[in-house]
Each structure stands twice: as C-alpha cells, then as structure tokens.
Amino acid sequence: KGDIKGMIIVGPVLGDLEDEEIKEVLENVEFVVNITPGESELSRASSLVLASATVAEKGGTFTNFEGRVQRFFRAFPPRNRAKEDIWILNRLARVLGGNWSYGNEEEVFSELARNVPFFTGLSYELIGYMGIKVGEKV
C-alpha cells in the first residue's frame, strides 16, 4: 500500500527475495537499511548497508524450538569496519530519537528478561555455559 516508508532489516535475508511480493515491498519502500555481515541479494537492494560483526565476532543468546536458551561467545573482535549489532542499534536508536545505551549483550538480555514473560527470571548466570530449558528446575 505504500504505508511503510523505511525498513531496518538485521541479517542477510528477508524471506525468499525471488518472491515477487517481497521484491514489490522493497521497491515500494523509500529507504531500506540492511545490518549484515556480508553481501547478499538483500544488501544489494538496500539503500544503506551497515557492516555488522559475524557470529564469530559477537556474543549473545539464542532460543531453540524446544525453549532452550543458550549463550554463544565471541571468538575474536570484529574486523575491518564491522561493528557489533549493539553498537549499531544504539547509534540508530539515538539518531531516531531513542535513548538506548546498552553496553553489552548481557544488558540486552536482562532487559528482555524484565519485559518478556517467556524469559522472566533468567539471567546469564542461570543460563551458564550449558544453557537452560525454560521451565526447568535449576
């Protein structure tokens, strides 16, 4: 409909870019920012590409389909011009009038645990090195 003026897309894919509907969406958006570690069809179709760290260059958490929350750890710092996602998103938020100031992945996860019922009561300490299935007794 043309209601969306801009999009910020984190990652190298947005569904199947061969799909005509997605191509049409991207063509009808005035501005597309792609935060991604590498070149892709999506980055080539974007107005602006911000080089993010690869998975080996950052830490964080993921939750699998069984509800197990696990941490992953940075193997080495981002290379060349790449920045960690938190750095990029903090800067974008400030430019757009937000007041984000997350210093690391643990601070983001703590905010998630305070505001999303599924993660209530979890912390990096509880997740540990082996992960934890949400609802398990520790």
# chains A, B, ... in the order shown; residues from 1 in each chain; ligands from 1
$ select_by_dssp --residues "chain A" --states "strand (DSSP E)" --output "MDAnalysis selection string"
chainID A and resid 6:10 31:36 48:51 60:63 68:72 132:133
$ select_by_dssp --residues "segment 78-131 of chain A" --states "helix (DSSP H, G or I)" --output "PDB file with all heavy atoms, in the first residue's frame"
ATOM      1  N   ASP A  85      26.376  -5.593  16.654  1.00  0.00           N
ATOM      2  CA  ASP A  85      24.974  -5.200  16.473  1.00  0.00           C
ATOM      3  C   ASP A  85      24.530  -4.189  17.514  1.00  0.00           C
ATOM      4  O   ASP A  85      23.809  -3.238  17.208  1.00  0.00           O
ATOM      5  CB  ASP A  85      24.059  -6.428  16.539  1.00  0.00           C
ATOM      6  CG  ASP A  85      24.316  -7.422  15.420  1.00  0.00           C
ATOM      7  OD1 ASP A  85      24.997  -7.067  14.448  1.00  0.00           O
ATOM      8  OD2 ASP A  85      23.828  -8.555  15.523  1.00  0.00           O
ATOM      9  N   ILE A  86      24.949  -4.384  18.769  1.00  0.00           N
ATOM     10  CA  ILE A  86      24.538  -3.476  19.842  1.00  0.00           C
ATOM     11  C   ILE A  86      25.026  -2.063  19.556  1.00  0.00           C
ATOM     12  O   ILE A  86      24.293  -1.090  19.737  1.00  0.00           O
ATOM     13  CB  ILE A  86      25.059  -3.973  21.210  1.00  0.00           C
ATOM     14  CG1 ILE A  86      24.339  -5.263  21.581  1.00  0.00           C
ATOM     15  CG2 ILE A  86      24.880  -2.918  22.289  1.00  0.00           C
ATOM     16  CD1 ILE A  86      24.929  -5.966  22.764  1.00  0.00           C
ATOM     17  N   TRP A  87      26.254  -1.929  19.109  1.00  0.00           N
ATOM     18  CA  TRP A  87      26.803  -0.608  18.786  1.00  0.00           C
ATOM     19  C   TRP A  87      25.969   0.044  17.683  1.00  0.00           C
ATOM     20  O   TRP A  87      25.577   1.210  17.789  1.00  0.00           O
ATOM     21  CB  TRP A  87      28.264  -0.746  18.360  1.00  0.00           C
ATOM     22  CG  TRP A  87      28.958   0.561  18.156  1.00  0.00           C
ATOM     23  CD1 TRP A  87      29.664   1.269  19.087  1.00  0.00           C
ATOM     24  CD2 TRP A  87      29.020   1.323  16.945  1.00  0.00           C
ATOM     25  NE1 TRP A  87      30.146   2.420  18.531  1.00  0.00           N
ATOM     26  CE2 TRP A  87      29.770   2.484  17.213  1.00  0.00           C
ATOM     27  CE3 TRP A  87      28.519   1.138  15.660  1.00  0.00           C
ATOM     28  CZ2 TRP A  87      30.036   3.451  16.255  1.00  0.00           C
ATOM     29  CZ3 TRP A  87      28.773   2.110  14.702  1.00  0.00           C
ATOM     30  CH2 TRP A  87      29.529   3.242  14.996  1.00  0.00           C
ATOM     31  N   ILE A  88      25.689  -0.709  16.629  1.00  0.00           N
ATOM     32  CA  ILE A  88      24.922  -0.179  15.500  1.00  0.00           C
ATOM     33  C   ILE A  88      23.516   0.227  15.949  1.00  0.00           C
ATOM     34  O   ILE A  88      23.044   1.328  15.643  1.00  0.00           O
ATOM     35  CB  ILE A  88      24.836  -1.213  14.355  1.00  0.00           C
ATOM     36  CG1 ILE A  88      26.222  -1.454  13.747  1.00  0.00           C
ATOM     37  CG2 ILE A  88      23.849  -0.757  13.280  1.00  0.00           C
ATOM     38  CD1 ILE A  88      26.282  -2.637  12.791  1.00  0.00           C
ATOM     39  N   LEU A  89      22.839  -0.657  16.680  1.00  0.00           N
ATOM     40  CA  LEU A  89      21.460  -0.375  17.090  1.00  0.00           C
ATOM     41  C   LEU A  89      21.382   0.777  18.093  1.00  0.00           C
ATOM     42  O   LEU A  89      20.442   1.579  18.042  1.00  0.00           O
ATOM     43  CB  LEU A  89      20.797  -1.636  17.628  1.00  0.00           C
ATOM     44  CG  LEU A  89      20.581  -2.716  16.563  1.00  0.00           C
ATOM     45  CD1 LEU A  89      20.129  -4.022  17.203  1.00  0.00           C
ATOM     46  CD2 LEU A  89      19.600  -2.263  15.497  1.00  0.00           C
ATOM     47  N   ASN A  90      22.352   0.885  18.996  1.00  0.00           N
ATOM     48  CA  ASN A  90      22.399   2.041  19.901  1.00  0.00           C
ATOM     49  C   ASN A  90      22.491   3.346  19.113  1.00  0.00           C
ATOM     50  O   ASN A  90      21.779   4.310  19.386  1.00  0.00           O
ATOM     51  CB  ASN A  90      23.594   1.956  20.846  1.00  0.00           C
ATOM     52  CG  ASN A  90      23.364   1.088  22.060  1.00  0.00           C
ATOM     53  OD1 ASN A  90      22.246   0.902  22.503  1.00  0.00           O
ATOM     54  ND2 ASN A  90      24.438   0.556  22.604  1.00  0.00           N
ATOM     55  N   ARG A  91      23.391   3.372  18.131  1.00  0.00           N
ATOM     56  CA  ARG A  91      23.573   4.587  17.318  1.00  0.00           C
ATOM     57  C   ARG A  91      22.325   4.908  16.507  1.00  0.00           C
ATOM     58  O   ARG A  91      21.898   6.054  16.431  1.00  0.00           O
ATOM     59  CB  ARG A  91      24.776   4.430  16.381  1.00  0.00           C
ATOM     60  CG  ARG A  91      26.120   4.295  17.063  1.00  0.00           C
ATOM     61  CD  ARG A  91      26.618   5.605  17.663  1.00  0.00           C
ATOM     62  NE  ARG A  91      26.795   6.645  16.703  1.00  0.00           N
ATOM     63  CZ  ARG A  91      27.949   6.989  16.141  1.00  0.00           C
ATOM     64  NH1 ARG A  91      29.047   6.353  16.469  1.00  0.00           N
ATOM     65  NH2 ARG A  91      27.998   7.964  15.262  1.00  0.00           N
ATOM     66  N   LEU A  92      21.728   3.895  15.880  1.00  0.00           N
ATOM     67  CA  LEU A  92      20.500   4.126  15.112  1.00  0.00           C
ATOM     68  C   LEU A  92      19.384   4.652  16.008  1.00  0.00           C
ATOM     69  O   LEU A  92      18.648   5.568  15.633  1.00  0.00           O
ATOM     70  CB  LEU A  92      20.045   2.837  14.426  1.00  0.00           C
ATOM     71  CG  LEU A  92      20.689   2.492  13.105  1.00  0.00           C
ATOM     72  CD1 LEU A  92      20.215   1.122  12.634  1.00  0.00           C
ATOM     73  CD2 LEU A  92      20.398   3.532  12.055  1.00  0.00           C
ATOM     74  N   ALA A  93      19.239   4.057  17.185  1.00  0.00           N
ATOM     75  CA  ALA A  93      18.197   4.497  18.119  1.00  0.00           C
ATOM     76  C   ALA A  93      18.390   5.967  18.480  1.00  0.00           C
ATOM     77  O   ALA A  93      17.422   6.742  18.491  1.00  0.00           O
ATOM     78  CB  ALA A  93      18.207   3.631  19.375  1.00  0.00           C
ATOM     79  N   ARG A  94      19.622   6.371  18.743  1.00  0.00           N
ATOM     80  CA  ARG A  94      19.881   7.784  19.088  1.00  0.00           C
ATOM     81  C   ARG A  94      19.535   8.703  17.931  1.00  0.00           C
ATOM     82  O   ARG A  94      18.928   9.753  18.117  1.00  0.00           O
ATOM     83  CB  ARG A  94      21.319   7.961  19.541  1.00  0.00           C
ATOM     84  CG  ARG A  94      21.528   7.493  20.973  1.00  0.00           C
ATOM     85  CD  ARG A  94      22.842   7.991  21.546  1.00  0.00           C
ATOM     86  NE  ARG A  94      23.998   7.363  20.938  1.00  0.00           N
ATOM     87  CZ  ARG A  94      24.580   6.272  21.406  1.00  0.00           C
ATOM     88  NH1 ARG A  94      24.125   5.679  22.488  1.00  0.00           N
ATOM     89  NH2 ARG A  94      25.623   5.764  20.812  1.00  0.00           N
ATOM     90  N   VAL A  95      19.915   8.311  16.721  1.00  0.00           N
ATOM     91  CA  VAL A  95      19.605   9.125  15.537  1.00  0.00           C
ATOM     92  C   VAL A  95      18.095   9.263  15.361  1.00  0.00           C
ATOM     93  O   VAL A  95      17.598  10.320  14.963  1.00  0.00           O
ATOM     94  CB  VAL A  95      20.248   8.497  14.267  1.00  0.00           C
ATOM     95  CG1 VAL A  95      19.691   9.106  13.003  1.00  0.00           C
ATOM     96  CG2 VAL A  95      21.759   8.648  14.315  1.00  0.00           C
ATOM     97  N   GLU A 105      25.836  -7.561  25.436  1.00  0.00           N
ATOM     98  CA  GLU A 105      24.739  -8.499  25.194  1.00  0.00           C
ATOM     99  C   GLU A 105      23.992  -8.847  26.480  1.00  0.00           C
ATOM    100  O   GLU A 105      22.776  -9.034  26.468  1.00  0.00           O
ATOM    101  CB  GLU A 105      25.259  -9.792  24.561  1.00  0.00           C
ATOM    102  CG  GLU A 105      25.902  -9.640  23.225  1.00  0.00           C
ATOM    103  CD  GLU A 105      27.389  -9.305  23.313  1.00  0.00           C
ATOM    104  OE1 GLU A 105      27.962  -9.274  24.430  1.00  0.00           O
ATOM    105  OE2 GLU A 105      27.982  -9.072  22.255  1.00  0.00           O
ATOM    106  N   GLU A 106      24.707  -8.925  27.585  1.00  0.00           N
ATOM    107  CA  GLU A 106      24.064  -9.276  28.850  1.00  0.00           C
ATOM    108  C   GLU A 106      23.041  -8.217  29.264  1.00  0.00           C
ATOM    109  O   GLU A 106      21.970  -8.549  29.774  1.00  0.00           O
ATOM    110  CB  GLU A 106      25.108  -9.461  29.950  1.00  0.00           C
ATOM    111  CG  GLU A 106      24.517  -9.968  31.241  1.00  0.00           C
ATOM    112  CD  GLU A 106      25.570 -10.330  32.279  1.00  0.00           C
ATOM    113  OE1 GLU A 106      26.772 -10.143  32.032  1.00  0.00           O
ATOM    114  OE2 GLU A 106      25.165 -10.811  33.350  1.00  0.00           O
ATOM    115  N   GLU A 107      23.338  -6.954  29.031  1.00  0.00           N
ATOM    116  CA  GLU A 107      22.386  -5.887  29.350  1.00  0.00           C
ATOM    117  C   GLU A 107      21.122  -6.006  28.497  1.00  0.00           C
ATOM    118  O   GLU A 107      20.011  -5.785  28.987  1.00  0.00           O
ATOM    119  CB  GLU A 107      23.027  -4.513  29.151  1.00  0.00           C
ATOM    120  CG  GLU A 107      24.079  -4.192  30.177  1.00  0.00           C
ATOM    121  CD  GLU A 107      24.724  -2.839  29.934  1.00  0.00           C
ATOM    122  OE1 GLU A 107      24.183  -2.008  29.174  1.00  0.00           O
ATOM    123  OE2 GLU A 107      25.793  -2.594  30.535  1.00  0.00           O
ATOM    124  N   VAL A 108      21.289  -6.359  27.246  1.00  0.00           N
ATOM    125  CA  VAL A 108      20.121  -6.553  26.369  1.00  0.00           C
ATOM    126  C   VAL A 108      19.293  -7.729  26.875  1.00  0.00           C
ATOM    127  O   VAL A 108      18.067  -7.647  26.977  1.00  0.00           O
ATOM    128  CB  VAL A 108      20.548  -6.782  24.903  1.00  0.00           C
ATOM    129  CG1 VAL A 108      19.347  -7.129  24.032  1.00  0.00           C
ATOM    130  CG2 VAL A 108      21.269  -5.553  24.366  1.00  0.00           C
ATOM    131  N   PHE A 109      19.958  -8.831  27.225  1.00  0.00           N
ATOM    132  CA  PHE A 109      19.229  -9.998  27.717  1.00  0.00           C
ATOM    133  C   PHE A 109      18.510  -9.686  29.032  1.00  0.00           C
ATOM    134  O   PHE A 109      17.373 -10.119  29.237  1.00  0.00           O
ATOM    135  CB  PHE A 109      20.145 -11.212  27.893  1.00  0.00           C
ATOM    136  CG  PHE A 109      19.364 -12.450  28.209  1.00  0.00           C
ATOM    137  CD1 PHE A 109      18.766 -13.178  27.198  1.00  0.00           C
ATOM    138  CD2 PHE A 109      19.188 -12.864  29.514  1.00  0.00           C
ATOM    139  CE1 PHE A 109      17.998 -14.297  27.482  1.00  0.00           C
ATOM    140  CE2 PHE A 109      18.420 -13.989  29.818  1.00  0.00           C
ATOM    141  CZ  PHE A 109      17.830 -14.702  28.795  1.00  0.00           C
ATOM    142  N   SER A 110      19.134  -8.926  29.913  1.00  0.00           N
ATOM    143  CA  SER A 110      18.491  -8.548  31.177  1.00  0.00           C
ATOM    144  C   SER A 110      17.221  -7.752  30.917  1.00  0.00           C
ATOM    145  O   SER A 110      16.200  -7.958  31.586  1.00  0.00           O
ATOM    146  CB  SER A 110      19.452  -7.730  32.039  1.00  0.00           C
ATOM    147  OG  SER A 110      20.533  -8.523  32.460  1.00  0.00           O
ATOM    148  N   GLU A 111      17.262  -6.854  29.957  1.00  0.00           N
ATOM    149  CA  GLU A 111      16.069  -6.080  29.573  1.00  0.00           C
ATOM    150  C   GLU A 111      14.986  -7.015  29.028  1.00  0.00           C
ATOM    151  O   GLU A 111      13.805  -6.887  29.358  1.00  0.00           O
ATOM    152  CB  GLU A 111      16.450  -5.039  28.527  1.00  0.00           C
ATOM    153  CG  GLU A 111      15.302  -4.232  28.006  1.00  0.00           C
ATOM    154  CD  GLU A 111      15.065  -2.954  28.773  1.00  0.00           C
ATOM    155  OE1 GLU A 111      15.877  -2.620  29.653  1.00  0.00           O
ATOM    156  OE2 GLU A 111      14.061  -2.301  28.487  1.00  0.00           O
ATOM    157  N   LEU A 112      15.390  -7.955  28.211  1.00  0.00           N
ATOM    158  CA  LEU A 112      14.457  -8.948  27.675  1.00  0.00           C
ATOM    159  C   LEU A 112      13.801  -9.730  28.812  1.00  0.00           C
ATOM    160  O   LEU A 112      12.587  -9.913  28.839  1.00  0.00           O
ATOM    161  CB  LEU A 112      15.211  -9.892  26.732  1.00  0.00           C
ATOM    162  CG  LEU A 112      14.422 -10.956  26.005  1.00  0.00           C
ATOM    163  CD1 LEU A 112      13.564 -10.320  24.917  1.00  0.00           C
ATOM    164  CD2 LEU A 112      15.367 -11.970  25.385  1.00  0.00           C
ATOM    165  N   ALA A 113      14.604 -10.172  29.779  1.00  0.00           N
ATOM    166  CA  ALA A 113      14.088 -10.962  30.904  1.00  0.00           C
ATOM    167  C   ALA A 113      13.136 -10.147  31.778  1.00  0.00           C
ATOM    168  O   ALA A 113      12.222 -10.707  32.380  1.00  0.00           O
ATOM    169  CB  ALA A 113      15.243 -11.506  31.741  1.00  0.00           C
ATOM    170  N   ARG A 114      13.331  -8.844  31.835  1.00  0.00           N
ATOM    171  CA  ARG A 114      12.423  -7.984  32.611  1.00  0.00           C
ATOM    172  C   ARG A 114      11.107  -7.726  31.891  1.00  0.00           C
ATOM    173  O   ARG A 114      10.102  -7.430  32.524  1.00  0.00           O
ATOM    174  CB  ARG A 114      13.085  -6.636  32.908  1.00  0.00           C
ATOM    175  CG  ARG A 114      14.095  -6.668  34.027  1.00  0.00           C
ATOM    176  CD  ARG A 114      14.506  -5.270  34.457  1.00  0.00           C
ATOM    177  NE  ARG A 114      15.117  -4.493  33.406  1.00  0.00           N
ATOM    178  CZ  ARG A 114      16.408  -4.512  33.070  1.00  0.00           C
ATOM    179  NH1 ARG A 114      17.231  -5.317  33.712  1.00  0.00           N
ATOM    180  NH2 ARG A 114      16.877  -3.762  32.107  1.00  0.00           N
ATOM    181  N   ASN A 115      11.095  -7.808  30.564  1.00  0.00           N
ATOM    182  CA  ASN A 115       9.935  -7.358  29.800  1.00  0.00           C
ATOM    183  C   ASN A 115       9.199  -8.414  28.988  1.00  0.00           C
ATOM    184  O   ASN A 115       8.116  -8.138  28.480  1.00  0.00           O
ATOM    185  CB  ASN A 115      10.357  -6.218  28.869  1.00  0.00           C
ATOM    186  CG  ASN A 115      10.721  -4.985  29.647  1.00  0.00           C
ATOM    187  OD1 ASN A 115       9.858  -4.343  30.221  1.00  0.00           O
ATOM    188  ND2 ASN A 115      12.007  -4.661  29.702  1.00  0.00           N
ATOM    189  N   PRO A 117       7.597 -12.141  29.230  1.00  0.00           N
ATOM    190  CA  PRO A 117       7.258 -13.185  30.201  1.00  0.00           C
ATOM    191  C   PRO A 117       7.987 -14.519  29.991  1.00  0.00           C
ATOM    192  O   PRO A 117       8.367 -15.160  30.967  1.00  0.00           O
ATOM    193  CB  PRO A 117       5.738 -13.345  30.034  1.00  0.00           C
ATOM    194  CG  PRO A 117       5.279 -12.002  29.573  1.00  0.00           C
ATOM    195  CD  PRO A 117       6.391 -11.489  28.688  1.00  0.00           C
ATOM    196  N   PHE A 118       8.211 -14.932  28.764  1.00  0.00           N
ATOM    197  CA  PHE A 118       8.882 -16.205  28.497  1.00  0.00           C
ATOM    198  C   PHE A 118      10.254 -16.265  29.164  1.00  0.00           C
ATOM    199  O   PHE A 118      10.700 -17.322  29.603  1.00  0.00           O
ATOM    200  CB  PHE A 118       9.022 -16.419  26.984  1.00  0.00           C
ATOM    201  CG  PHE A 118       9.630 -17.732  26.599  1.00  0.00           C
ATOM    202  CD1 PHE A 118       8.855 -18.888  26.571  1.00  0.00           C
ATOM    203  CD2 PHE A 118      10.972 -17.828  26.275  1.00  0.00           C
ATOM    204  CE1 PHE A 118       9.413 -20.109  26.217  1.00  0.00           C
ATOM    205  CE2 PHE A 118      11.539 -19.047  25.917  1.00  0.00           C
ATOM    206  CZ  PHE A 118      10.752 -20.187  25.892  1.00  0.00           C
ATOM    207  N   PHE A 119      10.958 -15.133  29.251  1.00  0.00           N
ATOM    208  CA  PHE A 119      12.324 -15.092  29.776  1.00  0.00           C
ATOM    209  C   PHE A 119      12.406 -14.625  31.230  1.00  0.00           C
ATOM    210  O   PHE A 119      13.498 -14.504  31.785  1.00  0.00           O
ATOM    211  CB  PHE A 119      13.192 -14.185  28.900  1.00  0.00           C
ATOM    212  CG  PHE A 119      13.332 -14.686  27.498  1.00  0.00           C
ATOM    213  CD1 PHE A 119      12.552 -14.158  26.483  1.00  0.00           C
ATOM    214  CD2 PHE A 119      14.229 -15.685  27.180  1.00  0.00           C
ATOM    215  CE1 PHE A 119      12.672 -14.619  25.172  1.00  0.00           C
ATOM    216  CE2 PHE A 119      14.353 -16.162  25.885  1.00  0.00           C
ATOM    217  CZ  PHE A 119      13.577 -15.627  24.877  1.00  0.00           C
ATOM    218  N   TYR A 124      22.186 -14.378  32.637  1.00  0.00           N
ATOM    219  CA  TYR A 124      23.350 -15.058  32.069  1.00  0.00           C
ATOM    220  C   TYR A 124      23.905 -16.079  33.063  1.00  0.00           C
ATOM    221  O   TYR A 124      24.369 -17.145  32.689  1.00  0.00           O
ATOM    222  CB  TYR A 124      24.413 -14.039  31.680  1.00  0.00           C
ATOM    223  CG  TYR A 124      24.359 -13.615  30.234  1.00  0.00           C
ATOM    224  CD1 TYR A 124      23.177 -13.645  29.506  1.00  0.00           C
ATOM    225  CD2 TYR A 124      25.497 -13.181  29.582  1.00  0.00           C
ATOM    226  CE1 TYR A 124      23.142 -13.261  28.187  1.00  0.00           C
ATOM    227  CE2 TYR A 124      25.462 -12.790  28.255  1.00  0.00           C
ATOM    228  CZ  TYR A 124      24.292 -12.836  27.567  1.00  0.00           C
ATOM    229  OH  TYR A 124      24.265 -12.456  26.245  1.00  0.00           O
ATOM    230  N   GLU A 125      23.845 -15.752  34.355  1.00  0.00           N
ATOM    231  CA  GLU A 125      24.336 -16.680  35.369  1.00  0.00           C
ATOM    232  C   GLU A 125      23.536 -17.978  35.354  1.00  0.00           C
ATOM    233  O   GLU A 125      24.100 -19.075  35.390  1.00  0.00           O
ATOM    234  CB  GLU A 125      24.259 -16.031  36.749  1.00  0.00           C
ATOM    235  CG  GLU A 125      24.827 -16.896  37.844  1.00  0.00           C
ATOM    236  CD  GLU A 125      24.771 -16.231  39.207  1.00  0.00           C
ATOM    237  OE1 GLU A 125      24.292 -15.087  39.315  1.00  0.00           O
ATOM    238  OE2 GLU A 125      25.194 -16.884  40.166  1.00  0.00           O
ATOM    239  N   LEU A 126      22.209 -17.887  35.267  1.00  0.00           N
ATOM    240  CA  LEU A 126      21.371 -19.091  35.229  1.00  0.00           C
ATOM    241  C   LEU A 126      21.559 -19.879  33.938  1.00  0.00           C
ATOM    242  O   LEU A 126      21.542 -21.111  33.948  1.00  0.00           O
ATOM    243  CB  LEU A 126      19.895 -18.726  35.381  1.00  0.00           C
ATOM    244  CG  LEU A 126      19.407 -18.454  36.792  1.00  0.00           C
ATOM    245  CD1 LEU A 126      17.970 -17.940  36.771  1.00  0.00           C
ATOM    246  CD2 LEU A 126      19.509 -19.708  37.642  1.00  0.00           C
ATOM    247  N   ILE A 127      21.724 -19.183  32.835  1.00  0.00           N
ATOM    248  CA  ILE A 127      21.918 -19.868  31.551  1.00  0.00           C
ATOM    249  C   ILE A 127      23.234 -20.638  31.569  1.00  0.00           C
ATOM    250  O   ILE A 127      23.309 -21.761  31.080  1.00  0.00           O
ATOM    251  CB  ILE A 127      21.903 -18.865  30.378  1.00  0.00           C
ATOM    252  CG1 ILE A 127      20.524 -18.206  30.272  1.00  0.00           C
ATOM    253  CG2 ILE A 127      22.268 -19.550  29.066  1.00  0.00           C
ATOM    254  CD1 ILE A 127      20.500 -17.006  29.342  1.00  0.00           C
TER     255      ILE A 127
END
$ residues_around --residues "Gly59 of chain A" --least-positions-apart "3" --cutoff "9 Å" --atoms "only C-alpha atoms" --output "PyMOL selection string"
chain A and resi 55-56+71-75+104-105
$ write_last_selection --atoms "all heavy atoms" --output "PDB file, in the first residue's frame"
ATOM      1  N   VAL A  55      28.869 -13.950  13.378  1.00  0.00           N
ATOM      2  CA  VAL A  55      28.554 -14.671  14.614  1.00  0.00           C
ATOM      3  C   VAL A  55      29.822 -14.985  15.403  1.00  0.00           C
ATOM      4  O   VAL A  55      29.804 -15.006  16.634  1.00  0.00           O
ATOM      5  CB  VAL A  55      27.706 -15.933  14.337  1.00  0.00           C
ATOM      6  CG1 VAL A  55      28.515 -16.999  13.635  1.00  0.00           C
ATOM      7  CG2 VAL A  55      27.083 -16.458  15.606  1.00  0.00           C
ATOM      8  N   ALA A  56      30.938 -15.181  14.737  1.00  0.00           N
ATOM      9  CA  ALA A  56      32.197 -15.461  15.435  1.00  0.00           C
ATOM     10  C   ALA A  56      32.774 -14.215  16.095  1.00  0.00           C
ATOM     11  O   ALA A  56      33.650 -14.312  16.957  1.00  0.00           O
ATOM     12  CB  ALA A  56      33.219 -16.042  14.458  1.00  0.00           C
ATOM     13  N   ARG A  71      23.809 -19.548  25.415  1.00  0.00           N
ATOM     14  CA  ARG A  71      24.714 -18.440  25.108  1.00  0.00           C
ATOM     15  C   ARG A  71      25.676 -18.859  24.010  1.00  0.00           C
ATOM     16  O   ARG A  71      25.978 -20.030  23.838  1.00  0.00           O
ATOM     17  CB  ARG A  71      25.520 -18.058  26.341  1.00  0.00           C
ATOM     18  CG  ARG A  71      24.687 -17.384  27.406  1.00  0.00           C
ATOM     19  CD  ARG A  71      25.504 -17.027  28.619  1.00  0.00           C
ATOM     20  NE  ARG A  71      26.531 -16.061  28.257  1.00  0.00           N
ATOM     21  CZ  ARG A  71      27.507 -15.701  29.082  1.00  0.00           C
ATOM     22  NH1 ARG A  71      27.600 -16.209  30.294  1.00  0.00           N
ATOM     23  NH2 ARG A  71      28.415 -14.814  28.689  1.00  0.00           N
ATOM     24  N   PHE A  72      26.167 -17.862  23.282  1.00  0.00           N
ATOM     25  CA  PHE A  72      27.298 -18.090  22.393  1.00  0.00           C
ATOM     26  C   PHE A  72      28.300 -16.974  22.654  1.00  0.00           C
ATOM     27  O   PHE A  72      27.956 -15.903  23.139  1.00  0.00           O
ATOM     28  CB  PHE A  72      26.888 -18.196  20.918  1.00  0.00           C
ATOM     29  CG  PHE A  72      26.217 -16.971  20.349  1.00  0.00           C
ATOM     30  CD1 PHE A  72      26.947 -16.017  19.664  1.00  0.00           C
ATOM     31  CD2 PHE A  72      24.845 -16.790  20.481  1.00  0.00           C
ATOM     32  CE1 PHE A  72      26.330 -14.898  19.131  1.00  0.00           C
ATOM     33  CE2 PHE A  72      24.217 -15.680  19.946  1.00  0.00           C
ATOM     34  CZ  PHE A  72      24.965 -14.730  19.271  1.00  0.00           C
ATOM     35  N   PHE A  73      29.556 -17.247  22.373  1.00  0.00           N
ATOM     36  CA  PHE A  73      30.635 -16.371  22.794  1.00  0.00           C
ATOM     37  C   PHE A  73      31.464 -15.885  21.610  1.00  0.00           C
ATOM     38  O   PHE A  73      31.677 -16.621  20.647  1.00  0.00           O
ATOM     39  CB  PHE A  73      31.549 -17.108  23.783  1.00  0.00           C
ATOM     40  CG  PHE A  73      30.808 -17.550  25.012  1.00  0.00           C
ATOM     41  CD1 PHE A  73      30.143 -18.768  25.046  1.00  0.00           C
ATOM     42  CD2 PHE A  73      30.757 -16.746  26.127  1.00  0.00           C
ATOM     43  CE1 PHE A  73      29.449 -19.185  26.163  1.00  0.00           C
ATOM     44  CE2 PHE A  73      30.064 -17.142  27.261  1.00  0.00           C
ATOM     45  CZ  PHE A  73      29.405 -18.367  27.282  1.00  0.00           C
ATOM     46  N   ARG A  74      31.942 -14.675  21.737  1.00  0.00           N
ATOM     47  CA  ARG A  74      32.778 -14.073  20.696  1.00  0.00           C
ATOM     48  C   ARG A  74      34.139 -14.763  20.660  1.00  0.00           C
ATOM     49  O   ARG A  74      34.784 -14.950  21.681  1.00  0.00           O
ATOM     50  CB  ARG A  74      32.942 -12.584  21.011  1.00  0.00           C
ATOM     51  CG  ARG A  74      33.803 -11.869  20.029  1.00  0.00           C
ATOM     52  CD  ARG A  74      33.633 -10.406  20.173  1.00  0.00           C
ATOM     53  NE  ARG A  74      34.596  -9.868  21.117  1.00  0.00           N
ATOM     54  CZ  ARG A  74      34.793  -8.575  21.276  1.00  0.00           C
ATOM     55  NH1 ARG A  74      34.070  -7.703  20.600  1.00  0.00           N
ATOM     56  NH2 ARG A  74      35.678  -8.154  22.129  1.00  0.00           N
ATOM     57  N   ALA A  75      34.570 -15.148  19.471  1.00  0.00           N
ATOM     58  CA  ALA A  75      35.871 -15.787  19.299  1.00  0.00           C
ATOM     59  C   ALA A  75      36.971 -14.745  19.102  1.00  0.00           C
ATOM     60  O   ALA A  75      38.107 -14.950  19.536  1.00  0.00           O
ATOM     61  CB  ALA A  75      35.842 -16.739  18.105  1.00  0.00           C
ATOM     62  N   ASN A 104      26.455  -4.117  26.441  1.00  0.00           N
ATOM     63  CA  ASN A 104      26.847  -5.453  26.014  1.00  0.00           C
ATOM     64  C   ASN A 104      25.607  -6.339  25.886  1.00  0.00           C
ATOM     65  O   ASN A 104      24.496  -5.918  26.203  1.00  0.00           O
ATOM     66  CB  ASN A 104      27.864  -6.062  26.985  1.00  0.00           C
ATOM     67  CG  ASN A 104      27.336  -6.126  28.405  1.00  0.00           C
ATOM     68  OD1 ASN A 104      26.191  -6.503  28.658  1.00  0.00           O
ATOM     69  ND2 ASN A 104      28.170  -5.748  29.367  1.00  0.00           N
ATOM     70  N   GLU A 105      25.836  -7.561  25.436  1.00  0.00           N
ATOM     71  CA  GLU A 105      24.739  -8.499  25.194  1.00  0.00           C
ATOM     72  C   GLU A 105      23.992  -8.847  26.480  1.00  0.00           C
ATOM     73  O   GLU A 105      22.776  -9.034  26.468  1.00  0.00           O
ATOM     74  CB  GLU A 105      25.259  -9.792  24.561  1.00  0.00           C
ATOM     75  CG  GLU A 105      25.902  -9.640  23.225  1.00  0.00           C
ATOM     76  CD  GLU A 105      27.389  -9.305  23.313  1.00  0.00           C
ATOM     77  OE1 GLU A 105      27.962  -9.274  24.430  1.00  0.00           O
ATOM     78  OE2 GLU A 105      27.982  -9.072  22.255  1.00  0.00           O
TER      79      GLU A 105
END
$ closest_residue --among "A:Arg81, A:Lys133, A:Lys23, A:Arg44" --to "Gly67 of chain A" --atoms "only C-alpha atoms"
A:Lys133
$ closest_residue --among "A:Asn28, A:Thr61, A:Ser101, A:Ser52" --to "Pro77 of chain A" --atoms "only C-alpha atoms"
A:Ser52
$ residues_around --residues "segment 2-16 of chain A" --least-positions-apart "4" --cutoff "8 Å" --atoms "only C-alpha atoms" --output "list in words"
Ile22, Asn28, Val29, Glu30, Phe31, Val32, Val33, Asn34, Ile35, Thr36, Pro37, Gly38, Glu39, Ser40, Glu41, Leu42 and Ser43 of chain A
